[in-house]
Each structure stands twice: as structure tokens, then as C-alpha cells.
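S.K.: Dropping in model28.csv, which is CSV, C-alpha atoms:
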chain,number,residue,atom,x,y,z
V,1,MET,CA,0.0,0.0,0.0
V,2,LYS,CA,2.8,2.4,0.9
V,3,LYS,CA,4.5,1.6,-2.4
V,4,PHE,CA,1.3,2.4,-4.2
V,5,ASN,CA,0.9,5.7,-2.4
V,6,ARG,CA,4.5,6.7,-3.3
V,7,SER,CA,3.8,5.9,-6.9
V,8,ILE,CA,0.6,8.0,-6.9
V,9,ILE,CA,2.3,10.9,-5.2
V,10,GLY,CA,5.2,10.6,-7.6
V,11,LEU,CA,2.8,10.7,-10.6
V,12,LEU,CA,0.9,13.7,-9.1
V,13,LEU,CA,4.2,15.6,-8.6
V,14,CYS,CA,5.2,14.9,-12.2
V,15,CYS,CA,1.8,16.1,-13.4
V,16,LEU,CA,2.2,19.3,-11.3
V,17,VAL,CA,5.7,19.9,-12.6
V,18,PHE,CA,4.8,19.3,-16.2
V,19,GLY,CA,1.6,21.3,-15.7
V,20,ALA,CA,3.5,24.2,-14.3
V,21,CYS,CA,6.1,24.1,-17.1
V,22,SER,CA,3.2,23.9,-19.6
V,23,LYS,CA,1.5,26.9,-18.0
V,24,LYS,CA,4.8,28.8,-18.0
V,25,ALA,CA,5.3,28.0,-21.6
V,26,GLU,CA,1.8,29.2,-22.4
V,27,ASN,CA,2.4,32.4,-20.5
V,28,GLU,CA,5.7,33.0,-22.4
V,29,GLU,CA,4.0,32.3,-25.7
V,30,SER,CA,1.1,34.6,-24.8
V,31,LYS,CA,3.6,37.4,-23.9
V,32,LYS,CA,5.4,36.8,-27.2
V,33,ASN,CA,2.2,37.0,-29.1
V,34,VAL,CA,1.2,40.2,-27.3
V,35,LYS,CA,4.7,41.7,-28.0
V,36,ASN,CA,4.5,40.7,-31.7
V,37,ASN,CA,1.0,42.2,-32.1
V,38,GLU,CA,2.1,45.4,-30.3
V,39,SER,CA,5.2,45.6,-32.5
V,40,ALA,CA,3.1,45.5,-35.6
V,41,SER,CA,1.4,48.7,-34.5
V,42,PHE,CA,4.6,50.7,-34.0
V,43,LYS,CA,7.3,51.9,-36.3
V,44,LYS,CA,10.9,53.0,-35.4
V,45,PHE,CA,11.8,56.6,-36.0
V,46,SER,CA,15.1,58.3,-35.4
V,47,LYS,CA,16.6,61.8,-35.3
V,48,SER,CA,19.7,63.5,-33.9
V,49,PHE,CA,21.0,66.9,-33.1
V,50,PHE,CA,24.2,68.6,-32.0
V,51,GLY,CA,25.0,71.5,-29.7
V,52,VAL,CA,24.2,70.4,-26.2
V,53,PHE,CA,26.9,69.3,-23.7
V,54,ASP,CA,29.4,69.5,-26.6
V,55,THR,CA,28.2,66.2,-28.1
V,56,ASP,CA,25.8,64.6,-30.6
V,57,VAL,CA,22.4,63.4,-29.3
V,58,ALA,CA,20.8,60.5,-31.1
V,59,PHE,CA,17.2,59.5,-30.3
V,60,SER,CA,15.2,56.5,-31.5
V,61,ALA,CA,11.6,55.7,-30.5
V,62,TYR,CA,8.9,53.3,-31.5
V,63,CYS,CA,5.7,55.2,-32.2
V,64,VAL,CA,2.4,54.8,-34.0
V,65,ASN,CA,3.3,57.5,-36.5
V,66,GLU,CA,5.9,60.2,-37.2
V,67,GLU,CA,3.7,62.9,-35.7
V,68,GLU,CA,3.8,61.2,-32.3
V,69,PHE,CA,7.6,60.7,-32.6
V,70,ASN,CA,8.1,64.4,-33.5
V,71,LYS,CA,6.1,65.4,-30.4
V,72,TYR,CA,8.5,63.5,-28.1
V,73,PHE,CA,11.6,64.7,-30.1
V,74,LYS,CA,10.5,68.3,-29.7
V,75,VAL,CA,10.3,68.0,-25.9
V,76,LEU,CA,13.6,66.1,-25.8
V,77,GLU,CA,15.5,68.7,-27.9
V,78,GLU,CA,14.0,71.7,-26.0
V,79,ASP,CA,14.7,70.3,-22.6
V,80,MET,CA,18.2,69.2,-23.4
V,81,LYS,CA,19.1,72.6,-24.7
V,82,ARG,CA,17.7,74.2,-21.6
V,83,TYR,CA,19.6,71.9,-19.3
V,84,HIS,CA,22.7,72.6,-21.3
V,85,ASN,CA,22.3,76.3,-20.6
V,86,LEU,CA,21.4,75.9,-16.9
V,87,TYR,CA,24.3,73.6,-16.1
V,88,ASN,CA,26.9,75.5,-18.1
V,89,SER,CA,30.0,76.4,-16.1
V,90,PHE,CA,31.7,78.4,-18.9
V,91,GLU,CA,29.1,80.4,-20.8
V,92,ASN,CA,26.3,82.7,-19.6
V,93,ALA,CA,22.7,82.0,-20.6
V,94,ASN,CA,19.4,84.0,-20.7
V,95,GLU,CA,18.9,83.0,-17.0
V,96,ASN,CA,21.1,82.5,-14.0
V,97,ASN,CA,23.2,79.3,-14.4
V,98,ILE,CA,26.2,77.6,-13.0
V,99,LYS,CA,28.5,80.3,-14.5
V,100,THR,CA,26.5,83.0,-12.8
V,101,ILE,CA,27.1,81.3,-9.4
V,102,ASN,CA,30.8,81.1,-10.2
V,103,ASP,CA,31.0,84.7,-11.2
V,104,ASN,CA,29.5,85.7,-7.8
V,105,ALA,CA,31.7,83.5,-5.7
V,106,GLY,CA,32.5,85.2,-2.4
V,107,LYS,CA,30.3,88.1,-3.3
V,108,GLU,CA,26.6,87.2,-3.0
V,109,ALA,CA,24.0,84.4,-3.2
V,110,VAL,CA,22.5,83.8,-6.7
V,111,LYS,CA,18.9,83.1,-7.2
V,112,VAL,CA,18.6,80.1,-9.5
V,113,ASP,CA,16.0,77.7,-10.9
V,114,LYS,CA,15.1,74.8,-8.6
V,115,GLU,CA,16.6,72.4,-11.2
V,116,ILE,CA,20.0,73.8,-10.4
V,117,ILE,CA,19.4,73.3,-6.7
V,118,GLU,CA,18.3,69.7,-7.3
V,119,LEU,CA,21.4,68.9,-9.4
V,120,LEU,CA,23.7,70.4,-6.8
V,121,GLU,CA,22.0,68.5,-3.9
V,122,PHE,CA,22.2,65.3,-5.9
V,123,SER,CA,25.9,65.8,-6.6
V,124,ILE,CA,26.8,66.7,-3.0
V,125,GLU,CA,24.8,63.8,-1.6
V,126,SER,CA,26.5,61.4,-4.0
V,127,TYR,CA,29.9,62.8,-3.1
V,128,LYS,CA,29.4,62.4,0.6
V,129,LYS,CA,27.6,59.0,0.5
V,130,LEU,CA,29.4,57.2,-2.4
V,131,SER,CA,32.7,58.7,-3.5
V,132,ASP,CA,34.9,61.9,-3.2
V,133,LYS,CA,36.5,61.2,-6.6
V,134,ASN,CA,33.7,63.1,-8.3
V,135,ASN,CA,33.7,66.7,-6.8
V,136,ILE,CA,31.7,69.4,-8.5
V,137,ALA,CA,33.7,72.0,-6.5
V,138,ILE,CA,36.8,71.3,-8.7
V,139,GLY,CA,36.2,74.0,-11.2
V,140,SER,CA,39.2,76.1,-10.2
V,141,VAL,CA,41.4,73.2,-11.4
V,142,THR,CA,39.4,71.9,-14.4
V,143,SER,CA,39.2,75.4,-15.8
V,144,LEU,CA,43.0,75.4,-16.1
V,145,TRP,CA,43.0,72.2,-18.1
V,146,LYS,CA,40.2,73.4,-20.3
V,147,ALA,CA,42.1,76.6,-21.1
V,148,GLU,CA,45.2,74.6,-22.2
V,149,LYS,CA,43.1,72.2,-24.2
V,150,ASP,CA,41.3,75.0,-26.0
V,151,ALA,CA,44.7,76.7,-26.8
V,152,ALA,CA,46.2,73.5,-28.2
V,153,VAL,CA,46.9,73.4,-31.9
V,154,ASP,CA,46.2,70.2,-33.7
V,155,LEU,CA,45.7,68.6,-30.3
V,156,LYS,CA,49.2,69.5,-29.2
V,157,GLY,CA,49.7,71.9,-26.3
V,158,LYS,CA,51.2,72.3,-22.9
V,159,LEU,CA,50.4,71.5,-19.3
V,160,PRO,CA,48.8,74.0,-16.9
V,161,ASP,CA,51.2,75.7,-14.5
V,162,ASP,CA,51.7,73.2,-11.6
V,163,ASN,CA,51.7,76.0,-9.1
V,164,LYS,CA,48.3,77.2,-10.3
V,165,ILE,CA,47.0,73.6,-10.1
V,166,LYS,CA,48.2,73.4,-6.5
V,167,GLU,CA,46.6,76.7,-5.7
V,168,GLY,CA,43.4,75.7,-7.4
V,169,LEU,CA,43.2,72.5,-5.2
V,170,LYS,CA,43.0,74.8,-2.1
V,171,HIS,CA,39.6,76.0,-3.3
V,172,THR,CA,37.7,72.7,-3.8
V,173,ASP,CA,36.0,72.3,-0.5
V,174,ILE,CA,32.5,71.1,-1.4
V,175,ASN,CA,31.3,72.3,2.1
V,176,ASN,CA,31.7,75.9,0.9
V,177,ILE,CA,28.7,75.5,-1.3
V,178,VAL,CA,25.7,77.1,0.5
V,179,ILE,CA,22.3,76.2,-0.7
V,180,ASP,CA,19.2,78.0,0.5
V,181,LYS,CA,16.2,75.9,-0.8
V,182,GLU,CA,13.6,78.2,0.7
V,183,ASN,CA,14.9,81.2,-1.2
V,184,SER,CA,16.3,79.1,-4.1
V,185,THR,CA,19.8,80.6,-3.9
V,186,VAL,CA,23.3,79.3,-4.1
V,187,PHE,CA,26.4,81.0,-2.6
V,188,LEU,CA,30.0,80.0,-2.8
V,189,LYS,CA,31.8,81.1,0.4
V,190,ASP,CA,35.2,80.9,-1.2
V,191,LYS,CA,35.8,83.7,-3.7
V,192,ASP,CA,38.2,81.5,-5.7
V,193,MET,CA,36.0,78.5,-5.9
V,194,LYS,CA,34.3,77.4,-9.2
V,195,LEU,CA,31.7,74.8,-9.8
V,196,ASP,CA,32.1,72.3,-12.6
V,197,VAL,CA,29.1,69.9,-13.0
V,198,GLY,CA,30.4,68.4,-16.3
V,199,ALA,CA,30.9,65.0,-14.8
V,200,ILE,CA,27.3,64.6,-13.8
V,201,ALA,CA,25.1,67.1,-15.7
V,202,LYS,CA,24.7,65.3,-19.0
V,203,GLY,CA,23.6,62.0,-17.4
V,204,TYR,CA,21.4,63.8,-14.9
V,205,SER,CA,19.7,65.7,-17.8
V,206,VAL,CA,19.2,62.6,-19.9
V,207,GLU,CA,17.5,61.0,-16.9
V,208,LYS,CA,15.1,63.9,-16.3
V,209,VAL,CA,14.2,64.2,-20.0
V,210,MET,CA,13.6,60.5,-20.6
V,211,ASN,CA,11.5,60.2,-17.4
V,212,LYS,CA,9.4,63.1,-18.7
V,213,LEU,CA,8.9,61.4,-22.0
V,214,LYS,CA,7.9,58.2,-20.3
V,215,SER,CA,5.3,60.0,-18.2
V,216,MET,CA,3.9,61.4,-21.4
V,217,GLY,CA,3.2,57.9,-22.6
V,218,LEU,CA,6.4,56.9,-24.5
V,219,LYS,CA,6.8,53.1,-24.2
V,220,SER,CA,9.9,52.2,-26.1
V,221,ALA,CA,12.9,54.5,-26.9
V,222,ILE,CA,16.7,54.9,-26.5
V,223,ILE,CA,18.9,58.0,-26.4
V,224,SER,CA,22.6,58.3,-26.8
V,225,ALA,CA,24.2,61.5,-25.7
V,226,GLY,CA,28.0,61.1,-26.2
V,227,GLY,CA,28.5,58.1,-24.0
V,228,ASN,CA,25.3,58.5,-22.0
V,229,VAL,CA,22.7,56.0,-23.0
V,230,LYS,CA,19.2,55.5,-21.5
V,231,ALA,CA,16.6,53.1,-22.7
V,232,ILE,CA,12.9,53.0,-22.0
V,233,GLY,CA,11.2,49.6,-22.1
V,234,SER,CA,12.4,47.1,-24.7
V,235,PRO,CA,12.5,47.4,-28.5
V,236,LEU,CA,9.1,47.0,-30.1
V,237,GLU,CA,10.3,44.7,-32.8
V,238,LYS,CA,9.3,41.1,-33.5
V,239,ASP,CA,11.7,38.6,-31.8
V,240,LYS,CA,13.8,41.4,-30.3
V,241,ASN,CA,13.5,41.8,-26.5
V,242,LYS,CA,16.6,43.7,-25.5
V,243,TRP,CA,18.6,46.7,-26.5
V,244,GLY,CA,22.1,46.3,-27.8
V,245,ILE,CA,24.4,48.9,-26.3
V,246,GLY,CA,27.9,49.1,-27.9
V,247,ILE,CA,31.1,49.8,-26.0
V,248,GLN,CA,33.5,51.7,-28.2
V,249,ASP,CA,37.1,50.5,-28.5
V,250,PRO,CA,38.9,53.4,-26.8
V,251,LYS,CA,41.4,54.5,-29.3
V,252,PHE,CA,42.8,58.0,-30.0
V,253,ASP,CA,41.4,58.0,-33.5
V,254,SER,CA,38.3,60.2,-34.0
V,255,ASP,CA,37.9,59.1,-37.6
V,256,LYS,CA,37.3,55.4,-36.8
V,257,VAL,CA,34.9,53.9,-34.4
V,258,ASP,CA,35.2,50.2,-33.5
V,259,ILE,CA,32.9,48.4,-31.1
V,260,LYS,CA,34.8,46.4,-28.5
V,261,GLU,CA,31.8,44.8,-26.8
V,262,VAL,CA,28.0,44.8,-26.9
V,263,ILE,CA,25.8,44.8,-23.8
V,264,PHE,CA,22.2,43.4,-24.1
V,265,SER,CA,19.6,44.7,-21.6
V,266,ASN,CA,16.1,46.0,-21.5
V,267,GLU,CA,15.2,49.2,-19.7
V,268,THR,CA,18.5,50.5,-18.3
V,269,CYS,CA,21.1,53.3,-18.3
V,270,ALA,CA,24.7,52.9,-19.6
V,271,VAL,CA,27.3,55.7,-19.1
V,272,THR,CA,30.9,55.5,-20.3
V,273,SER,CA,33.8,57.6,-19.1
V,274,GLY,CA,36.9,57.4,-21.2
V,275,ASP,CA,40.2,59.1,-22.2
V,276,TYR,CA,39.7,58.9,-25.9
V,277,GLN,CA,37.1,61.6,-26.7
V,278,ARG,CA,38.4,64.8,-25.0
V,279,PHE,CA,42.2,64.9,-24.8
V,280,TYR,CA,45.3,66.6,-26.1
V,281,PHE,CA,48.9,65.8,-26.3
V,282,VAL,CA,51.9,67.2,-24.5
V,283,GLY,CA,54.8,65.7,-26.4
V,284,ASP,CA,53.9,62.1,-26.9
V,285,LYS,CA,51.7,61.8,-23.9
V,286,ALA,CA,47.9,62.2,-24.0
V,287,TYR,CA,46.1,64.0,-21.3
V,288,ASN,CA,42.4,63.4,-20.8
V,289,HIS,CA,39.7,65.7,-19.3
V,290,ILE,CA,38.9,63.6,-16.2
V,291,ILE,CA,40.8,65.2,-13.4
V,292,ASP,CA,41.6,63.6,-10.1
V,293,PRO,CA,40.4,66.0,-7.3
V,294,LYS,CA,43.2,64.8,-5.1
V,295,THR,CA,46.2,65.5,-7.4
V,296,GLY,CA,44.7,68.0,-9.9
V,297,TYR,CA,46.0,65.8,-12.8
V,298,PRO,CA,44.3,63.1,-15.1
V,299,LYS,CA,45.0,59.4,-14.6
V,300,ASP,CA,46.0,57.0,-17.3
V,301,LYS,CA,45.6,53.5,-16.0
V,302,ILE,CA,42.1,53.1,-17.4
V,303,LYS,CA,41.0,53.7,-21.0
V,304,SER,CA,37.3,53.5,-20.4
V,305,VAL,CA,34.7,52.3,-17.9
V,306,THR,CA,31.0,51.7,-18.6
V,307,VAL,CA,28.5,51.7,-15.8
V,308,LEU,CA,25.0,50.2,-15.9
V,309,CYS,CA,22.3,51.1,-13.4
V,310,ASN,CA,18.7,52.4,-13.3
V,311,ASP,CA,19.5,56.1,-13.1
V,312,SER,CA,21.5,57.9,-15.7
V,313,GLY,CA,22.7,60.7,-13.4
V,314,LEU,CA,23.9,58.2,-10.9
V,315,ALA,CA,25.6,56.2,-13.7
V,316,ASP,CA,27.4,59.4,-14.8
V,317,PHE,CA,28.6,60.1,-11.3
V,318,LEU,CA,29.8,56.5,-10.9
V,319,SER,CA,31.6,56.2,-14.2
V,320,THR,CA,33.7,59.3,-13.5
V,321,SER,CA,34.5,58.0,-10.0
V,322,LEU,CA,35.4,54.5,-11.2
V,323,PHE,CA,37.7,56.0,-13.9
V,324,LEU,CA,39.8,57.5,-11.1
V,325,MET,CA,40.0,54.3,-9.1
V,326,ASP,CA,41.6,50.9,-9.6
V,327,VAL,CA,39.3,48.1,-10.6
V,328,GLU,CA,39.0,46.4,-7.2
V,329,GLU,CA,38.3,49.7,-5.5
V,330,GLY,CA,35.7,50.4,-8.1
V,331,LYS,CA,34.0,47.1,-7.5
V,332,LYS,CA,33.7,47.9,-3.8
V,333,LEU,CA,32.1,51.2,-4.6
V,334,LEU,CA,29.5,49.4,-6.8
V,335,GLU,CA,28.5,47.2,-3.9
V,336,LYS,CA,27.0,50.3,-2.3
V,337,VAL,CA,24.6,50.8,-5.3
V,338,GLU,CA,21.9,48.2,-5.9
V,339,GLY,CA,21.9,46.9,-9.5
V,340,ALA,CA,25.0,48.8,-10.6
V,341,GLU,CA,27.4,46.9,-12.9
V,342,ALA,CA,30.5,47.9,-14.7
V,343,PHE,CA,32.9,47.0,-17.6
V,344,TRP,CA,36.5,48.3,-17.6
V,345,ILE,CA,39.1,48.5,-20.4
V,346,LEU,CA,42.5,49.2,-19.0
V,347,SER,CA,45.5,50.9,-20.7
V,348,ASP,CA,47.3,47.6,-21.0
V,349,GLY,CA,44.3,46.3,-23.1
V,350,SER,CA,42.9,44.0,-20.4
V,351,VAL,CA,39.2,43.8,-19.8
V,352,HIS,CA,37.4,43.5,-16.5
V,353,TYR,CA,33.7,43.4,-15.5
V,354,THR,CA,31.4,42.6,-12.6
V,355,GLU,CA,29.8,39.2,-12.4
V,356,LYS,CA,26.3,40.2,-13.5
V,357,MET,CA,27.7,42.4,-16.3
V,358,GLY,CA,29.3,39.3,-17.7
V,359,LYS,CA,26.0,37.7,-18.3
V,360,MET,CA,24.9,40.6,-20.5
V,361,LEU,CA,27.9,40.6,-22.8
V,362,GLN,CA,27.7,39.5,-26.4
V,363,SER,CA,31.2,37.8,-26.1
V,364,LYS,CA,29.8,35.7,-23.3
V,365,GLY,CA,26.7,34.5,-25.3
V,366,ALA,CA,24.1,37.2,-24.5
V,367,THR,CA,21.7,38.2,-27.3
V,368,ASN,CA,18.8,40.5,-27.9
V,369,LYS,CA,16.3,37.7,-27.5
Kindly return the structure encoded in the file as C-alpha cells.
M.R.:
Amino acid sequence: MKKFNRSIIGLLLCCLVFGACSKKAENEESKKNVKNNESASFKKFSKSFFGVFDTDVAFSAYCVNEEEFNKYFKVLEEDMKRYHNLYNSFENANENNIKTINDNAGKEAVKVDKEIIELLEFSIESYKKLSDKNNIAIGSVTSLWKAEKDAAVDLKGKLPDDNKIKEGLKHTDINNIVIDKENSTVFLKDKDMKLDVGAIAKGYSVEKVMNKLKSMGLKSAIISAGGNVKAIGSPLEKDKNKWGIGIQDPKFDSDKVDIKEVIFSNETCAVTSGDYQRFYFVGDKAYNHIIDPKTGYPKDKIKSVTVLCNDSGLADFLSTSLFLMDVEEGKKLLEKVEGAEAFWILSDGSVHYTEKMGKMLQSKGATNK
């Protein structure tokens, strides 16, 4: 009798397992059919523009028609241009911006748009909670490097004066940024301090704009703004469930773009910081634009680092921070951020990546299915 019961129970368990598998297969097939039917109703449209954050912005979205796409693109372009002006450290705009704050350092508080306040608070919080490698108060040093890069002829120039770098480093205390939320003002207590939000602002802006488009009803889209990628949903194409995000081979050759690796993922953000897009030479040595706030000089151990997480502003902050750390230190930082993954290409040509990132790589068998 016991043997009979065990047989019956075993048969029932098998039926349950096969039943569950069958149900799961039915659900997957149902989802696939819904996706394919939905895909048939949408078309892919793409446009790009240049002039914000010193880079090209490429945007693709799946919409019912071109009129719907143009509605989203118009909002995207207008908002990105406005954020470019608001967060600009080097040029004045038609409203108070980061440069206005810098121009009034040590003099008076500047009334600014709440979106400047929010960016500064985000930057300061990330600096204090996550990493002091990305410091928006480093403008007195980065401005020296920018001046030399701008003066370079055929990408050949000279180093900033070392004494000026050392002096600039004395004026990078992030605690000297005084924010008055109630009156919407910002004041720099140190008259020689300058803000530079270039290592955060682009990703932060992409995040805000794409979230706005999503709230307007956009279901499937991807934006690439010079190394800052954010995807909404998944591609609305038959048998294509994930976005393919290319990682550029970091070479000092602006005329040729080779893809080193492809990451496959659905809704995500990917931000790359590298030494190969903004640089100049002093002699035979290349100097990039990512400045270590401790030394006042760029580092050259890493060629590029790509960070994936669910927030483009945070990914931008992390990618800059990781570029200025060694790989193991960077992995420890990522442990503080849920869902954050990274892919490194070092100057010696070696490649490193976090465990979950490995499962998304084309070279490791990942696909867009």
C-alpha cells in the first residue's frame, strides 16, 4: 500500500511539474504574441542633433506614427538645450546658471532655478555617501586644463602651470557650497571656488528628460548623448526583446569607431567615461579631461569604464568615480549601489567586468532575444 501511495504521489508531482512548465510556456508564448501584435502597431523613428553638452544626441523611439515621434523629439531637444544652458559652467545664458554662481563666488548668493538646486544637492549627496572622486567644486582646477586644451593646436599643447594647479586645489572644499532651498539661492563662500558639474550634468539631464517622455506615454525608446545611454522599455520589434548597447574600443582616433563589446539589456542606463574623446597631447603623452580631485591631474591607468544602473545621473557620477580608481576599489564602490554593474578597459588592453555584467555581454553569449 505504501509503495502504491508513493507511486501515486510521484505521478501527481510529475503532473504538477509538467503542468507548471506547460503553464509557464503558455504564458511565455502569450507574452510573445502580445509583443508581436504590439510591435506591428509601432514603427521605429530616429533623429539626432548637436549643440548640447558638446556632443551629438541621437534618439530613436517606437511610435504609432511620425507625428507622435516628433512630439517627443521636440520636448527632448528643447529640454536638453535648456539643461545645457542651466548647467553650463563656462558660458552665460538667458537666465542664471552655474557660471552665474561662479561669477559671484565670495560676493553674493545667486537666485537660480530649482533644477540647479536639485542637481547640486544630488551631486553633493553622492559625493558624501558614495565617492569623493567626483567633486563638483573642482572648477578652479578643471578650468586650467580646459584653457590649455582650448589653446592646443592640432591637439598639441602644454600642461597647466603646476603652481596654479596646487593653488586651485586649495579651493575645492564642497562644504563651501551654501544652498538655501527656501529662497532658491546658491552661494560659494570661497571667492576663488568654481563649480564644474560636467561629470554629472549630462547623465542627470538625460535621466530627467527620458523620465518626462515616459510620463507622457512613451513606451519604447533609446537615447545616446555622447557616452550617456538611457533606454525605456524594450525594442518593439518582433523577436527582439533587448537593446544592444555598444562599448567603443577606446582609441585615440576620432575618424574610426570600432565596437569592443555589446551589452544586451532591457530598460537601463549605460554611461561610459573614457580618455579617448576629450584629450590633447603634450609631447607624446595624451592628457584626458577627467581630473583627479586629489592630485589635480588626469589618470592614465584606465582607458574607459562603462556603468549600468537604473539612473543615468547616478551612472554618470559612478563612471567618473570609477575611472579615477583601480578596478578592485571600483567594485567595492559598486557594492553600495543596488543593481550597478561595470565594464573596464585598461590601458594595458585587459578587460574586467562585474559578475552580472558578464551575463549581458555578447562575447559571453548574450543576445537581444
S.K.: Go through V:Ser319, V:Asn65, V:Thr185, V:Ser215 and flag the residue nearest Glu115 (chain V), using all atoms listed in the file for the distances.
M.R.: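 Under the stated criterion, the closest residue is V:Thr185.
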S.K.: Do you have the CA of Phe252 (chain V)-CA of Phe50 (chain V) distance handy?
M.R.: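 Separation between CA of Phe252 (chain V) and CA of Phe50 (chain V): 21.5 Å.
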S.K.: His352 (chain V): which residues within 12 Å, counting all atoms listed in the file, same-chain residues fewer than 3 positions away excluded, as a list in words?
M.R.: Glu261, Ile302, Lys303, Ser304, Val305, Thr306, Asp326, Val327, Glu328, Gly330, Lys331, Glu341, Ala342, Phe343, Trp344, Ile345, Leu346, Ser347, Asp348, Gly349, Glu355, Lys356, Met357, Gly358 and Leu361 of chain V
S.K.: Measuring between only C-alpha atoms, which one of V:Asn92, V:Met210, V:Leu314, V:Glu148 shows the shortest distance to Ile124 (chain V)?
M.R.: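 Of the candidates, the smallest distance to Ile124 (chain V) is held by V:Leu314.
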S.K.: Measuring between only C-alpha atoms, which one of V:Leu130, V:Val153, V:Leu120, V:Ala231 shows the shortest distance to Ala58 (chain V)?
M.R.: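 Ranking V:Leu130, V:Val153, V:Leu120, V:Ala231 by distance to Ala58 (chain V), first place goes to V:Ala231.
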S.K.: Check the smallest atom-to-atom distance from each of V:Lys238, V:Tyr87, V:Ser126, V:Gly139 to Val337 (chain V) using all atoms listed in the file, then report the winner.
M.R.: V:Ser126
S.K.: So which one's closest to Asn228 (chain V), V:Lys251, V:Lys81, V:Lys164, V:Lys202? Using only C-alpha atoms, please.
M.R.: V:Lys202
S.K.: Identify which of the residues V:Glu121, V:Asp154, V:Thr100, V:Asn94 lies closest to Phe281 (chain V), counting all atoms listed in the file when measuring atom-to-atom distances.
M.R.: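 Among V:Glu121, V:Asp154, V:Thr100, V:Asn94, it is V:Asp154 that comes nearest to Phe281 (chain V).
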S.K.: Taking the point (15.8, 81.1, -12.2) as given in the file, collect each protein or nucleic acid residue that comes within 7 Å of it, counting only C-alpha atoms, and present the set as a ChimeraX atom specification.
M.R.: /V:95-96,111-113
S.K.: Please report, as a tab-separated table, each residue of region 79-176 of chain V lying at most 9 Å from region 282-300 of chain V, together with the nearest pair of atoms and the separation in Å rounded to one decimal; use only C-alpha atoms, and order rows by chain and ascending residue number.
M.R.:
residue	atom	partner	partner_atom	distance
V:Asp132	CA	V:Pro293	CA	8.0
V:Lys133	CA	V:Pro293	CA	6.2
V:Asn134	CA	V:Pro293	CA	7.4
V:Asn135	CA	V:Pro293	CA	6.8
V:Ile138	CA	V:Pro293	CA	6.6
V:Val141	CA	V:Gly296	CA	6.3
V:Thr142	CA	V:Ile291	CA	6.9
V:Trp145	CA	V:His289	CA	7.4
V:Lys146	CA	V:His289	CA	7.8
V:Lys149	CA	V:His289	CA	8.8
V:Leu155	CA	V:Val282	CA	8.6
V:Lys156	CA	V:Val282	CA	5.9
V:Gly157	CA	V:Val282	CA	5.5
V:Lys158	CA	V:Val282	CA	5.4
V:Leu159	CA	V:Val282	CA	6.9
V:Asp162	CA	V:Gly296	CA	8.9
V:Ile165	CA	V:Gly296	CA	6.1
V:Lys166	CA	V:Gly296	CA	7.3
V:Gly168	CA	V:Gly296	CA	8.2
V:Leu169	CA	V:Gly296	CA	6.7
V:Thr172	CA	V:Pro293	CA	8.0
S.K.: Env of Phe49 (chain V): 10 Å cut, atoms = only C-alpha atoms, seq-sep filter 5 positions within chain, self excluded. Answer as number ranges by chain.
M.R.: V: 55-59, 77, 225
S.K.: Env of Ala105 (chain V): 10 Å cut, atoms = only C-alpha atoms, seq-sep filter 3 positions within chain, self excluded. Answer as number ranges by chain.
M.R.: V: 99-102, 108-110, 177, 186-195
S.K.: One number please: CA of Lys230 (chain V) to CA of Ile174 (chain V), in Å, one decimal.
M.R.: 28.7 Å
S.K.: State, in Å with one decimal place, the distance from CA of Glu237 (chain V) to CA of Phe69 (chain V).
M.R.: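 For CA of Glu237 (chain V) relative to CA of Phe69 (chain V), the distance reads 16.2 Å.
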S.K.: Skipping near chain neighbours, those fewer than 5 positions away, what residues fall within 9 Å of Leu318 (chain V) using all atoms listed in the file, listed as a PyMOL selection string?
M.R.: chain V and resi 130-131+134+200+271+307+313+323+330+333-334
S.K.: Excluding Lys71 (chain V) and residues on its chain fewer than 3 positions from it, collect all residues at most 12 Å away from it, counting all atoms listed in the file, and give them as a list of chain:residue names.
M.R.: V:Phe45, V:Ala61, V:Cys63, V:Val64, V:Asn65, V:Glu66, V:Glu67, V:Glu68, V:Lys74, V:Val75, V:Leu76, V:Glu77, V:Glu78, V:Leu213, V:Met216, V:Gly217, V:Leu218
